Amino acid sequence: MLGETTVDDGSAEPNTTHTAAGELADAIRTTLGPNGLDKMVVGENGTVIVTNDGSSIIEWMDITHPVGRLVEQAATAQDSAVGDGTTTAVVLVGALLEEAATLRSDGFHPTTIIDGYVRAVEAALDQLEQYERSLHSRHDDRLTQIAKTAVTGRWDDASTDRFAELTLSALQAVDFDTSRLTLKSYPGGELRDSVCLDGVVVDLETSSTSLEALSHPSIQTHDEPAIAMVDAEIGIEEPTSIESVELQDATQRNAFQNHEQDRKTELVEQVVQSGATVLFCQKTIDEAVRTALAQRGVLPVERTRRDEFDVIARATGSTPVMAVDDLTVDDTGTVESVIQRTVGTTQTLTLQGCPEEQRATLLLRGGTPHVAEEVRRIVADCIDVTRVTLDDGAFLPGGGAVPAALAMDIAALSRGIPDRTQIVFDGFGTALEAIPRTLATNAGADSLNTLTTIKRRHDAGSETVGVGPDGHPRDMIAAGVLEPATVFRSALQRAVAVVTQILRVDDIVRTSADERRTDAEHDHAHAATGGYPWAVGH
């Protein structure tokens, strides 16, 4: 839990607003890189999460300090935009604020530091282009290396290779359109059991489809089945108002029951006449109707999740109807096959060979629910990293090679600055070095010696040298350690943006709920006098 500095008299020391950001950076710094350690996050209800993903750790942390929340928002934005680089962004925030604190103690005004940081990041982004490499095509072998880099450090080498290749093959199956790729994770299996399936996988446990229907002898795996879809309840319509029926004798009672049975039979016959062999219903299906459909060889799937329902309609060419009475042969779609399988303890239905929209599903496994979910999250990050690399068409050598190179470039540029901004530029460059230093430290290497060696090799013309997986300097391109240019660019921009915002803060002013309510009522009264402003406000 990140604490909060209480301000009682409206005054604050210059560095108190930086404390929460520094604590947050320190908390996740050790997770950076392939040798980063995991964090065990314990929730209030006793839930235990073990992960080394910066965005997940920040999401679970109880951050109360408003400055810490600013950093949290920047990290969340980074994760939402590019799916990676959260830890890098937060480490840069901590390093930039640390340098800013040193500059403040040396007499620099916050506006001078802010101006220097803004100019320095613009120069760094200009220099960044010279380190970028371009992808040749979607089948470029380096795309596989980028995917492997994204998951390195999460598993052993064999699993890293497997999941990178599995992710890439799934993306290629849908022509890199992530909207046509679904991730499903199930506990009770091993990592090597994870597979990429052609088509849509429907979780029958979440749809609440009865296992009795699935096990009925008339229900079989069908080739080229007809798919029908109903976007409403299937059964006897319930009255919209309270009504009562008086039955005078047993004859009337039997007639009433026969009417209900006849209506249910009509519903079943309508489905059968449409030629449907699988019926997806977005809502519930009457139990008697469901049983009768199964007996007639139609697989009924009720309470299909809305997102899956819409996907199935698009992929199979089915036209959902609002009532079974409207269902015809023309409304049904088809797939190559429908296969029932049990994944762990969960019954699933796989619709393979969708004719209208190519679909793929990554079926991921893990020994426990937490492991299965962690696998899903890691693969999702890998997909995002691969996607943004293709969108941008550029990648960078990893292992902190680029931050180290930019730090040297900024240092060279600072020598041509005639005023005190030169010192701010130097501080900015030192902050960039926090990335390779942290990677070396997390690998158990001497960060000073590693960084010195990297700088020496950069001076000799080897600008792609960074911190290798073993903590020692290596050529990152040759080692296949590659990362999207967009990820680092975005992390650097967001880090500087939040740091300059924090540097502008000299006080944390608190208001109580009562004060806010009083102010709101006061504003309300003023707004009402103008007519239209009051109406717009409400």
# chains A, B, ... in the order shown; residues from 1 in each chain; ligands from 1
>>> residues_around(residues="A:Pro469", least_positions_apart="5", cutoff="8 Å", atoms="only C-alpha atoms", output="ChimeraX atom specification")
/A:34-35,443
>>> write_last_selection(atoms="C-alpha atoms", output="CSV table (one decimal), in the first residue's frame")
chain,number,residue,atom,x,y,z
A,34,PRO,CA,14.1,-11.3,-18.3
A,35,ASN,CA,15.6,-11.7,-14.8
A,443,ALA,CA,20.5,-10.0,-13.5
>>> closest_residue(among="A:Leu32, A:Val298, A:Val121, A:Val67", to="A:Gln273", atoms="only C-alpha atoms")
A:Val298
>>> closest_residue(among="A:Ile146, A:Ala372, A:Val424, A:Leu351", to="A:Glu336", atoms="only C-alpha atoms")
A:Leu351
>>> atom_distance(atom1="atom CA of A:Ser56", atom2="atom CA of A:His370")
12.8 Å
>>> residues_around(residues="stretch 175-179 of chain A", least_positions_apart="2", cutoff="10 Å", atoms="only C-alpha atoms", output="VMD selection string")
chain A and resid 138 168 to 173 181 to 182 311 358 to 360 383 to 384 386 to 387 390
>>> write_last_selection(atoms="N, CA and C atoms", output="CSV table (one decimal), in the first residue's frame")
chain,number,residue,atom,x,y,z
A,138,ARG,N,5.1,-9.2,-43.0
A,138,ARG,CA,4.5,-9.9,-41.9
A,138,ARG,C,5.1,-11.3,-41.7
A,168,LEU,N,2.2,-16.3,-32.7
A,168,LEU,CA,2.4,-15.8,-34.0
A,168,LEU,C,1.6,-16.6,-35.1
A,169,SER,N,1.5,-17.9,-34.9
A,169,SER,CA,0.7,-18.7,-35.8
A,169,SER,C,-0.8,-18.4,-35.7
A,170,ALA,N,-1.2,-18.1,-34.5
A,170,ALA,CA,-2.6,-17.7,-34.3
A,170,ALA,C,-2.9,-16.3,-35.0
A,171,LEU,N,-2.0,-15.4,-34.9
A,171,LEU,CA,-2.2,-14.1,-35.6
A,171,LEU,C,-2.2,-14.3,-37.1
A,172,GLN,N,-1.3,-15.1,-37.6
A,172,GLN,CA,-1.2,-15.3,-39.0
A,172,GLN,C,-2.5,-16.0,-39.5
A,173,ALA,N,-3.1,-16.9,-38.7
A,173,ALA,CA,-4.3,-17.6,-39.1
A,173,ALA,C,-5.5,-16.6,-39.3
A,181,LEU,N,-9.5,-13.0,-33.2
A,181,LEU,CA,-8.8,-14.0,-32.4
A,181,LEU,C,-9.3,-14.0,-31.0
A,182,THR,N,-9.6,-15.1,-30.4
A,182,THR,CA,-10.2,-15.2,-29.1
A,182,THR,C,-9.2,-16.0,-28.2
A,311,VAL,N,-20.4,-13.0,-32.4
A,311,VAL,CA,-19.3,-13.6,-33.2
A,311,VAL,C,-19.8,-14.8,-34.1
A,358,GLN,N,-13.0,-15.8,-41.0
A,358,GLN,CA,-12.0,-16.7,-40.5
A,358,GLN,C,-11.7,-16.4,-39.0
A,359,ARG,N,-11.9,-17.4,-38.2
A,359,ARG,CA,-11.7,-17.2,-36.7
A,359,ARG,C,-10.7,-18.2,-36.2
A,360,ALA,N,-10.0,-17.8,-35.1
A,360,ALA,CA,-9.1,-18.7,-34.4
A,360,ALA,C,-9.2,-18.5,-32.9
A,383,ILE,N,0.5,-10.7,-28.0
A,383,ILE,CA,-0.3,-10.3,-29.1
A,383,ILE,C,-0.2,-8.8,-29.4
A,384,ASP,N,-0.4,-8.0,-28.3
A,384,ASP,CA,-0.4,-6.6,-28.4
A,384,ASP,C,1.0,-6.1,-28.9
A,386,THR,N,3.2,-7.7,-30.7
A,386,THR,CA,3.3,-8.1,-32.1
A,386,THR,C,2.5,-7.2,-33.0
A,387,ARG,N,1.3,-6.9,-32.6
A,387,ARG,CA,0.4,-6.0,-33.4
A,387,ARG,C,0.9,-4.6,-33.5
A,390,LEU,N,3.8,-4.4,-36.0
A,390,LEU,CA,3.4,-4.4,-37.4
A,390,LEU,C,2.7,-3.1,-37.8
>>> closest_residue(among="A:Glu302, A:Glu205, A:Asp310, A:Asp198", to="A:Cys281", atoms="only C-alpha atoms")
A:Glu302
>>> closest_residue(among="A:Asn449, A:Ser137, A:Leu503, A:Val230", to="A:Arg104", atoms="only C-alpha atoms")
A:Leu503
>>> residues_around(residues="A:Ala232", least_positions_apart="2", cutoff="7 Å", atoms="only C-alpha atoms", output="mmCIF file with C-alpha atoms, in the first residue's frame")
data_model
loop_
_atom_site.group_PDB
_atom_site.id
_atom_site.type_symbol
_atom_site.label_atom_id
_atom_site.label_comp_id
_atom_site.auth_asym_id
_atom_site.auth_seq_id
_atom_site.Cartn_x
_atom_site.Cartn_y
_atom_site.Cartn_z
ATOM 1 C CA VAL A 230 -32.628 -16.957 -31.596
ATOM 2 C CA ILE A 234 -37.727 -19.909 -26.186
ATOM 3 C CA CYS A 281 -30.235 -18.969 -27.892
ATOM 4 C CA GLN A 282 -29.079 -15.742 -26.271
ATOM 5 C CA LYS A 283 -31.540 -16.272 -23.410
ATOM 6 C CA MET A 322 -36.382 -12.620 -32.342
ATOM 7 C CA ALA A 323 -38.833 -15.523 -32.207
#
>>> atom_distance(atom1="atom CA of A:Pro397", atom2="atom CA of A:Met476")
5.3 Å
>>> residues_around(residues="A:Gly116", least_positions_apart="2", cutoff="8 Å", atoms="only C-alpha atoms", output="PDB file with N, CA, C and O atoms, in the first residue's frame")
ATOM      1  N   THR A 112      12.371  25.640 -14.835  1.00  0.00           N
ATOM      2  CA  THR A 112      13.609  25.424 -15.593  1.00  0.00           C
ATOM      3  C   THR A 112      13.812  23.938 -15.871  1.00  0.00           C
ATOM      4  O   THR A 112      14.212  23.545 -16.976  1.00  0.00           O
ATOM      5  N   ILE A 113      13.526  23.124 -14.874  1.00  0.00           N
ATOM      6  CA  ILE A 113      13.655  21.669 -15.046  1.00  0.00           C
ATOM      7  C   ILE A 113      12.638  21.170 -16.069  1.00  0.00           C
ATOM      8  O   ILE A 113      12.969  20.366 -16.947  1.00  0.00           O
ATOM      9  N   ILE A 114      11.408  21.656 -15.953  1.00  0.00           N
ATOM     10  CA  ILE A 114      10.356  21.234 -16.886  1.00  0.00           C
ATOM     11  C   ILE A 114      10.738  21.594 -18.315  1.00  0.00           C
ATOM     12  O   ILE A 114      10.635  20.769 -19.232  1.00  0.00           O
ATOM     13  N   VAL A 118      11.438  18.886 -21.350  1.00  0.00           N
ATOM     14  CA  VAL A 118      10.657  18.911 -22.581  1.00  0.00           C
ATOM     15  C   VAL A 118      11.577  19.006 -23.801  1.00  0.00           C
ATOM     16  O   VAL A 118      11.397  18.294 -24.795  1.00  0.00           O
ATOM     17  N   ARG A 119      12.575  19.873 -23.710  1.00  0.00           N
ATOM     18  CA  ARG A 119      13.527  20.000 -24.817  1.00  0.00           C
ATOM     19  C   ARG A 119      14.357  18.721 -24.984  1.00  0.00           C
ATOM     20  O   ARG A 119      14.651  18.291 -26.098  1.00  0.00           O
ATOM     21  N   ALA A 120      14.705  18.112 -23.872  1.00  0.00           N
ATOM     22  CA  ALA A 120      15.522  16.901 -23.923  1.00  0.00           C
ATOM     23  C   ALA A 120      14.763  15.731 -24.531  1.00  0.00           C
ATOM     24  O   ALA A 120      15.312  14.961 -25.330  1.00  0.00           O
ATOM     25  N   THR A 421      20.471  25.029 -18.755  1.00  0.00           N
ATOM     26  CA  THR A 421      19.699  23.895 -19.259  1.00  0.00           C
ATOM     27  C   THR A 421      20.619  22.718 -19.561  1.00  0.00           C
ATOM     28  O   THR A 421      20.174  21.552 -19.585  1.00  0.00           O
ATOM     29  N   VAL A 424      20.378  20.298 -16.849  1.00  0.00           N
ATOM     30  CA  VAL A 424      19.112  19.553 -16.875  1.00  0.00           C
ATOM     31  C   VAL A 424      19.189  18.442 -17.921  1.00  0.00           C
ATOM     32  O   VAL A 424      18.726  17.323 -17.691  1.00  0.00           O
ATOM     33  N   PHE A 425      19.799  18.759 -19.080  1.00  0.00           N
ATOM     34  CA  PHE A 425      19.984  17.739 -20.124  1.00  0.00           C
ATOM     35  C   PHE A 425      20.813  16.566 -19.588  1.00  0.00           C
ATOM     36  O   PHE A 425      20.500  15.406 -19.842  1.00  0.00           O
TER      37      PHE A 425
END
>>> select_by_dssp(residues="stretch 401-478 of chain A", states="alpha helix (DSSP H)", output="mmCIF file with C-alpha atoms, in the first residue's frame")
data_model
loop_
_atom_site.group_PDB
_atom_site.id
_atom_site.type_symbol
_atom_site.label_atom_id
_atom_site.label_comp_id
_atom_site.auth_asym_id
_atom_site.auth_seq_id
_atom_site.Cartn_x
_atom_site.Cartn_y
_atom_site.Cartn_z
ATOM 1 C CA ALA A 401 20.684 -0.533 -25.739
ATOM 2 C CA VAL A 402 18.578 2.384 -26.998
ATOM 3 C CA PRO A 403 18.240 4.231 -23.647
ATOM 4 C CA ALA A 404 22.014 3.924 -23.201
ATOM 5 C CA ALA A 405 22.612 5.287 -26.701
ATOM 6 C CA LEU A 406 20.150 8.137 -26.203
ATOM 7 C CA ALA A 407 21.788 9.039 -22.890
ATOM 8 C CA MET A 408 25.103 9.447 -24.716
ATOM 9 C CA ASP A 409 23.420 11.488 -27.467
ATOM 10 C CA ILE A 410 21.792 13.804 -24.924
ATOM 11 C CA ALA A 411 25.112 14.241 -23.126
ATOM 12 C CA ALA A 412 26.749 15.236 -26.434
ATOM 13 C CA LEU A 413 23.954 17.687 -27.240
ATOM 14 C CA SER A 414 24.147 19.263 -23.781
ATOM 15 C CA THR A 421 19.699 23.895 -19.259
ATOM 16 C CA GLN A 422 22.871 21.952 -20.031
ATOM 17 C CA ILE A 423 22.782 20.528 -16.502
ATOM 18 C CA VAL A 424 19.112 19.553 -16.875
ATOM 19 C CA PHE A 425 19.984 17.739 -20.124
ATOM 20 C CA ASP A 426 22.709 15.833 -18.292
ATOM 21 C CA GLY A 427 20.208 14.862 -15.600
ATOM 22 C CA PHE A 428 17.780 13.655 -18.257
ATOM 23 C CA GLY A 429 20.487 11.483 -19.801
ATOM 24 C CA THR A 430 21.365 10.021 -16.418
ATOM 25 C CA ALA A 431 17.702 9.137 -15.895
ATOM 26 C CA LEU A 432 17.657 7.230 -19.211
ATOM 27 C CA ALA A 434 18.270 3.809 -15.244
ATOM 28 C CA ILE A 435 16.915 1.214 -17.712
ATOM 29 C CA PRO A 436 20.216 -0.598 -18.503
ATOM 30 C CA ARG A 437 21.338 -0.162 -14.881
ATOM 31 C CA THR A 438 18.188 -1.824 -13.605
ATOM 32 C CA LEU A 439 18.438 -4.665 -16.128
ATOM 33 C CA ALA A 440 22.024 -5.349 -15.053
ATOM 34 C CA THR A 441 21.153 -5.209 -11.347
ATOM 35 C CA ASN A 442 18.192 -7.564 -11.780
ATOM 36 C CA SER A 447 25.506 -2.162 -13.028
ATOM 37 C CA LEU A 448 28.373 0.347 -13.116
ATOM 38 C CA ASN A 449 30.775 -1.984 -14.907
ATOM 39 C CA THR A 450 28.063 -3.141 -17.308
ATOM 40 C CA LEU A 451 27.030 0.401 -18.204
ATOM 41 C CA THR A 452 30.653 1.492 -18.646
ATOM 42 C CA THR A 453 31.313 -1.404 -21.019
ATOM 43 C CA ILE A 454 28.168 -0.617 -23.014
ATOM 44 C CA LYS A 455 29.205 3.018 -23.393
ATOM 45 C CA ARG A 456 32.690 2.014 -24.501
ATOM 46 C CA ARG A 457 31.325 -0.338 -27.151
ATOM 47 C CA HIS A 458 28.846 2.304 -28.323
ATOM 48 C CA ASP A 459 31.743 4.738 -28.731
ATOM 49 C CA MET A 476 20.962 -7.257 -29.027
ATOM 50 C CA ILE A 477 20.256 -7.678 -32.729
ATOM 51 C CA ALA A 478 22.513 -10.728 -32.925
#
>>> select_by_dssp(residues="stretch 226-370 of chain A", states="strand (DSSP E)", output="JSON, numbers by chain")
{"A": [226, 227, 228, 229, 230, 278, 279, 280, 281, 299, 300, 301, 333, 334, 337, 338, 339, 340, 341, 342, 343, 346, 347, 348, 349, 350, 351, 352, 360, 361, 362, 363, 364, 365, 366]}
>>> write_last_selection(atoms="N, CA, C and O atoms", output="tab-separated table (two decimals), in the first residue's frame")
chain	number	residue	atom	x	y	z
A	226	ALA	N	-26.21	-27.15	-39.70
A	226	ALA	CA	-26.94	-25.90	-39.87
A	226	ALA	C	-27.04	-25.22	-38.51
A	226	ALA	O	-27.42	-25.84	-37.52
A	227	ILE	N	-26.69	-23.95	-38.47
A	227	ILE	CA	-26.66	-23.19	-37.22
A	227	ILE	C	-27.82	-22.22	-37.20
A	227	ILE	O	-27.95	-21.36	-38.08
A	228	ALA	N	-28.69	-22.34	-36.21
A	228	ALA	CA	-29.81	-21.42	-36.04
A	228	ALA	C	-29.57	-20.58	-34.79
A	228	ALA	O	-28.97	-21.06	-33.82
A	229	MET	N	-30.07	-19.33	-34.81
A	229	MET	CA	-29.82	-18.43	-33.69
A	229	MET	C	-31.10	-17.66	-33.36
A	229	MET	O	-31.74	-17.09	-34.25
A	230	VAL	N	-31.44	-17.67	-32.07
A	230	VAL	CA	-32.63	-16.96	-31.60
A	230	VAL	C	-32.21	-15.98	-30.50
A	230	VAL	O	-31.59	-16.39	-29.52
A	278	VAL	N	-27.83	-27.28	-34.72
A	278	VAL	CA	-27.36	-26.62	-33.50
A	278	VAL	C	-28.15	-25.33	-33.36
A	278	VAL	O	-28.26	-24.54	-34.31
A	279	LEU	N	-28.71	-25.11	-32.17
A	279	LEU	CA	-29.51	-23.92	-31.91
A	279	LEU	C	-28.85	-23.11	-30.80
A	279	LEU	O	-28.69	-23.60	-29.67
A	280	PHE	N	-28.47	-21.87	-31.11
A	280	PHE	CA	-27.92	-20.97	-30.11
A	280	PHE	C	-28.99	-19.97	-29.71
A	280	PHE	O	-29.57	-19.29	-30.57
A	281	CYS	N	-29.24	-19.91	-28.42
A	281	CYS	CA	-30.23	-18.97	-27.89
A	281	CYS	C	-29.54	-18.01	-26.93
A	281	CYS	O	-28.79	-18.45	-26.05
A	299	LEU	N	-28.86	-29.81	-31.07
A	299	LEU	CA	-28.12	-29.43	-29.87
A	299	LEU	C	-28.54	-28.03	-29.45
A	299	LEU	O	-28.25	-27.05	-30.15
A	300	PRO	N	-29.21	-27.87	-28.30
A	300	PRO	CA	-29.63	-26.54	-27.85
A	300	PRO	C	-28.57	-25.92	-26.92
A	300	PRO	O	-28.14	-26.55	-25.96
A	301	VAL	N	-28.17	-24.71	-27.21
A	301	VAL	CA	-27.21	-23.99	-26.37
A	301	VAL	C	-27.87	-22.70	-25.92
A	301	VAL	O	-28.15	-21.81	-26.74
A	333	GLY	N	-27.13	-20.66	-40.74
A	333	GLY	CA	-25.80	-20.62	-41.31
A	333	GLY	C	-25.16	-21.98	-41.18
A	333	GLY	O	-25.83	-22.97	-40.83
A	334	THR	N	-23.87	-22.04	-41.41
A	334	THR	CA	-23.20	-23.35	-41.32
A	334	THR	C	-21.72	-23.17	-41.02
A	334	THR	O	-21.17	-22.07	-41.14
A	337	SER	N	-17.67	-28.07	-39.19
A	337	SER	CA	-17.96	-29.09	-38.17
A	337	SER	C	-18.18	-28.44	-36.82
A	337	SER	O	-17.71	-27.33	-36.56
A	338	VAL	N	-18.92	-29.13	-35.97
A	338	VAL	CA	-19.12	-28.73	-34.57
A	338	VAL	C	-18.62	-29.90	-33.71
A	338	VAL	O	-19.11	-31.02	-33.83
A	339	ILE	N	-17.65	-29.61	-32.86
A	339	ILE	CA	-17.01	-30.66	-32.07
A	339	ILE	C	-17.18	-30.36	-30.58
A	339	ILE	O	-16.91	-29.24	-30.12
A	340	GLN	N	-17.62	-31.35	-29.83
A	340	GLN	CA	-17.72	-31.23	-28.39
A	340	GLN	C	-16.45	-31.78	-27.76
A	340	GLN	O	-15.97	-32.84	-28.14
A	341	ARG	N	-15.90	-31.04	-26.83
A	341	ARG	CA	-14.72	-31.54	-26.11
A	341	ARG	C	-14.74	-31.01	-24.68
A	341	ARG	O	-15.32	-29.95	-24.39
A	342	THR	N	-14.11	-31.76	-23.80
A	342	THR	CA	-13.99	-31.36	-22.40
A	342	THR	C	-12.59	-30.81	-22.19
A	342	THR	O	-11.59	-31.51	-22.45
A	343	VAL	N	-12.49	-29.58	-21.72
A	343	VAL	CA	-11.20	-28.94	-21.42
A	343	VAL	C	-11.11	-28.80	-19.92
A	343	VAL	O	-11.81	-27.99	-19.31
A	346	THR	N	-14.40	-28.41	-17.98
A	346	THR	CA	-15.37	-27.56	-18.67
A	346	THR	C	-15.76	-28.15	-20.02
A	346	THR	O	-14.90	-28.51	-20.82
A	347	GLN	N	-17.05	-28.22	-20.26
A	347	GLN	CA	-17.56	-28.65	-21.55
A	347	GLN	C	-17.49	-27.48	-22.53
A	347	GLN	O	-17.91	-26.36	-22.21
A	348	THR	N	-16.98	-27.74	-23.73
A	348	THR	CA	-16.90	-26.69	-24.75
A	348	THR	C	-17.43	-27.21	-26.07
A	348	THR	O	-17.53	-28.42	-26.29
A	349	LEU	N	-17.75	-26.27	-26.92
A	349	LEU	CA	-18.22	-26.57	-28.26
A	349	LEU	C	-17.35	-25.77	-29.22
A	349	LEU	O	-17.24	-24.55	-29.09
A	350	THR	N	-16.74	-26.44	-30.18
A	350	THR	CA	-15.87	-25.76	-31.13
A	350	THR	C	-16.51	-25.75	-32.51
A	350	THR	O	-16.81	-26.80	-33.07
A	351	LEU	N	-16.72	-24.55	-33.05
A	351	LEU	CA	-17.27	-24.39	-34.39
A	351	LEU	C	-16.09	-24.16	-35.32
A	351	LEU	O	-15.50	-23.07	-35.34
A	352	GLN	N	-15.73	-25.18	-36.08
A	352	GLN	CA	-14.55	-25.11	-36.95
A	352	GLN	C	-14.95	-24.85	-38.40
A	352	GLN	O	-16.00	-25.29	-38.86
A	360	ALA	N	-10.00	-17.78	-35.11
A	360	ALA	CA	-9.07	-18.67	-34.43
A	360	ALA	C	-9.21	-18.46	-32.93
A	360	ALA	O	-9.55	-17.37	-32.47
A	361	THR	N	-8.96	-19.52	-32.17
A	361	THR	CA	-9.04	-19.46	-30.71
A	361	THR	C	-7.77	-20.05	-30.12
A	361	THR	O	-7.39	-21.18	-30.47
A	362	LEU	N	-7.13	-19.30	-29.25
A	362	LEU	CA	-5.99	-19.82	-28.50
A	362	LEU	C	-6.52	-20.44	-27.22
A	362	LEU	O	-7.05	-19.73	-26.35
A	363	LEU	N	-6.41	-21.75	-27.12
A	363	LEU	CA	-6.89	-22.49	-25.95
A	363	LEU	C	-5.69	-22.68	-25.03
A	363	LEU	O	-4.82	-23.51	-25.29
A	364	LEU	N	-5.63	-21.91	-23.95
A	364	LEU	CA	-4.47	-21.89	-23.06
A	364	LEU	C	-4.76	-22.67	-21.79
A	364	LEU	O	-5.87	-22.63	-21.26
A	365	ARG	N	-3.73	-23.35	-21.28
A	365	ARG	CA	-3.90	-24.20	-20.12
A	365	ARG	C	-2.92	-23.80	-19.02
A	365	ARG	O	-1.85	-23.25	-19.28
A	366	GLY	N	-3.30	-24.12	-17.79
A	366	GLY	CA	-2.44	-23.90	-16.63
A	366	GLY	C	-2.86	-24.81	-15.51
A	366	GLY	O	-4.03	-25.23	-15.45
>>> closest_residue(among="A:Thr64, A:Thr332, A:Thr102, A:Thr51", to="A:Ala21", atoms="only C-alpha atoms")
A:Thr64
